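> So that we are looking at the same thing, I have put the structure below in structure tokens.
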Amino acid sequence: MNNSIDTQGNIVIVDDQPNNLRVLSGILQQAGYKVRPALDGDVALKSIKSSPPDLVLLDIRMPEMDGYEVCRRLKADEQTRDIPVIFISALQDMEDKLSAFRAGGVDYLSKPFQMEEVLARVKAHLKLYRLQRDLQTIIDERTRDLRLTLESLSESQKQYAGVLEDTIQALSMTIEKRDPSTAGHQYRVSLIAVEIAQEMGTAGELIEGLRLGAMVHDIGRIYVPVDILTRPGPLSPVEFALVKTHPQVGHDIINHVHFPWPVPDMILQHHERMDGSGYPHGLKGDEILLEARIIGVADVMEAMSSHRPYRPAPGLERALAEIRRGAGSIYDADVAAACLRLFEEKGYSIPKFFE
């Protein structure tokens, strides 16, 4: 067996049309991936169960069992639930795409295929999948080492923190490389969030978890099509509903990793608002984690101070006016007050580049 092929990735393609299987298999095999085709959902499930791949490309319209059901069954099985599934279909309706994401898909490729797009999407999701696996492995190994080596606890903790930091940064860069228009966003939100927390006199342990959580708060945007994220003008209600799935998706990506801090809940709740007007669950007041309330304010400050392809930057003054307007109703009163003091009284400015 050719080891160089194995290292590229093992992919299962599911499509009831033999010609589609041949085209996709040829594209991926030429790029060095190992490919296993399946002509229906039942065969695919048996193949995936017997030898789990790194990625599944899944058609929607198939006889007997459609792609949505195949994906739901994969996600219901502990052995296969973490395998990324990219849907492939000629269906162009946004509701079909939303159904694919609700079933557990990570992306959506439209037929007819564009070779460059197929390879780019496959490469991106394989990289993210491996980062997730590596992150959990690293954390488990470091945790075990810490428990077994009590006499060198301090040094081991430093090594653990260093590895965790590097991996968090790699995850953060994954989403920002996919959407260059937001490059640096998560990093800057993290810096602002830490400054706000320090201004509030928050405990150091909470701040460290907050810093790392803010660095990946938008990781769920990896599942939102780039053309929606960067499109000029307003989104349709269906498109905006898809964008609003990113906190839940981000939570699900990170949730299986055992952090010393509630990082998954920070990601899940960073768009919740004190009056219950936020999403995805309409939480209110103290139902929202303090770290998520801080990230929510820092996110607004950074986003309104930065240019996006679909609108110019409203600017710092508009951002501060928004925080002042929503203080105590939309945004946590103490968090908002600390943010306003930080920018208006202490002259803090948002870094424009990585430091």
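Ordered as shown in the structure tokens, chains take letters A, B, and onward, while each chain numbers its residues from 1 and ligands are numbered from 1 in the order shown.
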Report the closest atom pair, with its distance in Å rounded to one decimal, for each residue of range 313-343 of chain A that has an atom no farther than 7 Å from range 194-199 of chain A; count only C-alpha atoms, sort by chain and then rising residue number, and write it as CSV.


residue,atom,partner,partner_atom,distance
A:Val335,CA,A:Ile196,CA,7.0
A:Ala338,CA,A:Ile196,CA,5.8
A:Cys339,CA,A:Ile196,CA,5.6

> Using C-alpha atoms, can you write the selected residues to a file as a CSV table (one decimal), in the first residue's frame?


chain,number,residue,atom,x,y,z
A,335,VAL,CA,-19.4,44.8,31.1
A,338,ALA,CA,-16.0,48.7,31.9
A,339,CYS,CA,-15.8,48.9,28.1

> Find the spatial neighbours of Ala76 in chain A, counting only C-alpha atoms, within a cut-off of 12 Å - ignore same-chain residues fewer than 5 positions away - and output them as a list in words.

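In the requested form, the answer reads Leu45, Glu69, Val70, Cys71, Arg81, Asp82, Ile83, Ala103 and Gly104 of chain A.
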
> Could you pull the residues within 9 Å of range 12-14 of chain A, counting only C-alpha atoms, minus those fewer than 6 positions along the same chain, as a list in words?

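In the requested format, the answer is Leu21, Leu24, Ser25, Lys34, Val35, Arg36, Pro37, Ala38, Leu39, Asp40, Gly41, Val43, Ala44, Ser47, Ile48, Pro52, Pro53, Asp54, Leu55, Val56, Leu57, Leu58, Asp59 and Gly67 of chain A.
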
> Rounded to one decimal place, report the CA of Ile27 in chain A-CA of Ala124 in chain A distance in Å.

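Interatomic distance here is 15.9 Å.
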
> List the neighbours of Lys111 in chain A out to 10 Å using only C-alpha atoms; skip same-chain residues closer than 2 positions along the sequence, and give me the result as a short mmCIF file (atom, residue, chain, number, x, y, z; two decimals) with C-alpha atoms, in the first residue's frame.


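Saved file around-v7.cif follows:
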data_model
loop_
_atom_site.label_atom_id
_atom_site.label_comp_id
_atom_site.auth_asym_id
_atom_site.auth_seq_id
_atom_site.Cartn_x
_atom_site.Cartn_y
_atom_site.Cartn_z
CA ASN A 20 -20.60 11.36 -10.64
CA ASP A 59 -25.31 13.10 -2.39
CA ILE A 88 -22.96 17.24 -2.94
CA SER A 89 -26.12 18.06 -4.88
CA ALA A 90 -27.65 19.81 -7.85
CA LEU A 91 -30.31 21.26 -5.51
CA GLN A 92 -29.85 25.02 -5.37
CA TYR A 108 -22.33 22.01 0.57
CA LEU A 109 -20.92 21.52 -2.94
CA PHE A 113 -18.42 20.18 -9.83
CA GLN A 114 -15.57 22.64 -10.16
#

> Wanna dump the range 251-290 of chain A-range 211-218 of chain A contacts at 12 Å for me, each residue with its shortest atom pair and the distance in Å to one decimal, counting only C-alpha atoms, ordered by chain and number, as JSON lines?


{"residue": "A:His251", "atom": "CA", "partner": "A:His217", "partner_atom": "CA", "distance": 8.8}
{"residue": "A:Asp252", "atom": "CA", "partner": "A:His217", "partner_atom": "CA", "distance": 12.0}
{"residue": "A:Ile253", "atom": "CA", "partner": "A:Val216", "partner_atom": "CA", "distance": 10.5}
{"residue": "A:Ile254", "atom": "CA", "partner": "A:Val216", "partner_atom": "CA", "distance": 9.2}
{"residue": "A:Asn255", "atom": "CA", "partner": "A:Gly213", "partner_atom": "CA", "distance": 11.9}
{"residue": "A:Phe259", "atom": "CA", "partner": "A:Gly213", "partner_atom": "CA", "distance": 9.9}
{"residue": "A:Pro260", "atom": "CA", "partner": "A:Leu212", "partner_atom": "CA", "distance": 10.9}
{"residue": "A:Trp261", "atom": "CA", "partner": "A:Gly213", "partner_atom": "CA", "distance": 8.5}
{"residue": "A:Pro262", "atom": "CA", "partner": "A:Gly213", "partner_atom": "CA", "distance": 8.2}
{"residue": "A:Val263", "atom": "CA", "partner": "A:Gly213", "partner_atom": "CA", "distance": 5.0}
{"residue": "A:Pro264", "atom": "CA", "partner": "A:Gly213", "partner_atom": "CA", "distance": 7.7}
{"residue": "A:Asp265", "atom": "CA", "partner": "A:Gly213", "partner_atom": "CA", "distance": 9.0}
{"residue": "A:Met266", "atom": "CA", "partner": "A:Gly213", "partner_atom": "CA", "distance": 6.2}
{"residue": "A:Ile267", "atom": "CA", "partner": "A:His217", "partner_atom": "CA", "distance": 4.7}
{"residue": "A:Leu268", "atom": "CA", "partner": "A:His217", "partner_atom": "CA", "distance": 8.1}
{"residue": "A:Gln269", "atom": "CA", "partner": "A:His217", "partner_atom": "CA", "distance": 9.3}
{"residue": "A:His270", "atom": "CA", "partner": "A:His217", "partner_atom": "CA", "distance": 7.3}
{"residue": "A:His271", "atom": "CA", "partner": "A:His217", "partner_atom": "CA", "distance": 9.9}
{"residue": "A:Leu289", "atom": "CA", "partner": "A:Gly213", "partner_atom": "CA", "distance": 11.9}

> I need the chosen residues saved as a JSON list (two decimals), in the first residue's frame, with N, CA and C atoms.


[["chain", "number", "residue", "atom", "x", "y", "z"],
["A", 251, "HIS", "N", -19.96, 25.50, 19.00],
["A", 251, "HIS", "CA", -20.07, 24.74, 20.25],
["A", 251, "HIS", "C", -19.88, 23.24, 19.99],
["A", 252, "ASP", "N", -20.53, 22.74, 18.94],
["A", 252, "ASP", "CA", -20.46, 21.31, 18.64],
["A", 252, "ASP", "C", -19.05, 20.89, 18.22],
["A", 253, "ILE", "N", -18.33, 21.77, 17.53],
["A", 253, "ILE", "CA", -16.96, 21.45, 17.13],
["A", 253, "ILE", "C", -16.07, 21.29, 18.36],
["A", 254, "ILE", "N", -16.22, 22.20, 19.31],
["A", 254, "ILE", "CA", -15.31, 22.26, 20.46],
["A", 254, "ILE", "C", -15.80, 21.41, 21.64],
["A", 255, "ASN", "N", -17.07, 21.05, 21.65],
["A", 255, "ASN", "CA", -17.68, 20.48, 22.86],
["A", 255, "ASN", "C", -17.04, 19.18, 23.33],
["A", 259, "PHE", "N", -11.79, 21.16, 28.08],
["A", 259, "PHE", "CA", -11.05, 22.34, 28.52],
["A", 259, "PHE", "C", -11.20, 22.52, 30.04],
["A", 260, "PRO", "N", -10.23, 23.19, 30.65],
["A", 260, "PRO", "CA", -10.39, 23.56, 32.07],
["A", 260, "PRO", "C", -11.40, 24.69, 32.27],
["A", 261, "TRP", "N", -11.87, 25.30, 31.18],
["A", 261, "TRP", "CA", -12.82, 26.42, 31.23],
["A", 261, "TRP", "C", -14.02, 26.10, 30.35],
["A", 262, "PRO", "N", -15.14, 26.79, 30.53],
["A", 262, "PRO", "CA", -16.35, 26.51, 29.73],
["A", 262, "PRO", "C", -16.29, 27.13, 28.33],
["A", 263, "VAL", "N", -15.26, 26.79, 27.58],
["A", 263, "VAL", "CA", -15.07, 27.37, 26.25],
["A", 263, "VAL", "C", -16.25, 27.08, 25.32],
["A", 264, "PRO", "N", -16.79, 25.84, 25.27],
["A", 264, "PRO", "CA", -17.93, 25.60, 24.37],
["A", 264, "PRO", "C", -19.12, 26.50, 24.66],
["A", 265, "ASP", "N", -19.40, 26.77, 25.96],
["A", 265, "ASP", "CA", -20.53, 27.64, 26.29],
["A", 265, "ASP", "C", -20.24, 29.09, 25.94],
["A", 266, "MET", "N", -18.99, 29.51, 26.03],
["A", 266, "MET", "CA", -18.64, 30.87, 25.58],
["A", 266, "MET", "C", -18.99, 31.03, 24.09],
["A", 267, "ILE", "N", -18.61, 30.02, 23.30],
["A", 267, "ILE", "CA", -18.88, 30.06, 21.85],
["A", 267, "ILE", "C", -20.38, 30.05, 21.60],
["A", 268, "LEU", "N", -21.10, 29.16, 22.30],
["A", 268, "LEU", "CA", -22.54, 29.00, 22.08],
["A", 268, "LEU", "C", -23.31, 30.27, 22.43],
["A", 269, "GLN", "N", -22.88, 30.99, 23.45],
["A", 269, "GLN", "CA", -23.69, 32.09, 24.00],
["A", 269, "GLN", "C", -23.22, 33.49, 23.60],
["A", 270, "HIS", "N", -22.19, 33.63, 22.76],
["A", 270, "HIS", "CA", -21.64, 34.97, 22.55],
["A", 270, "HIS", "C", -22.57, 35.91, 21.79],
["A", 271, "HIS", "N", -23.65, 35.39, 21.19],
["A", 271, "HIS", "CA", -24.66, 36.26, 20.56],
["A", 271, "HIS", "C", -25.95, 36.32, 21.37],
["A", 289, "LEU", "N", -23.45, 33.07, 30.43],
["A", 289, "LEU", "CA", -22.14, 33.01, 31.07],
["A", 289, "LEU", "C", -21.47, 34.38, 31.05]]
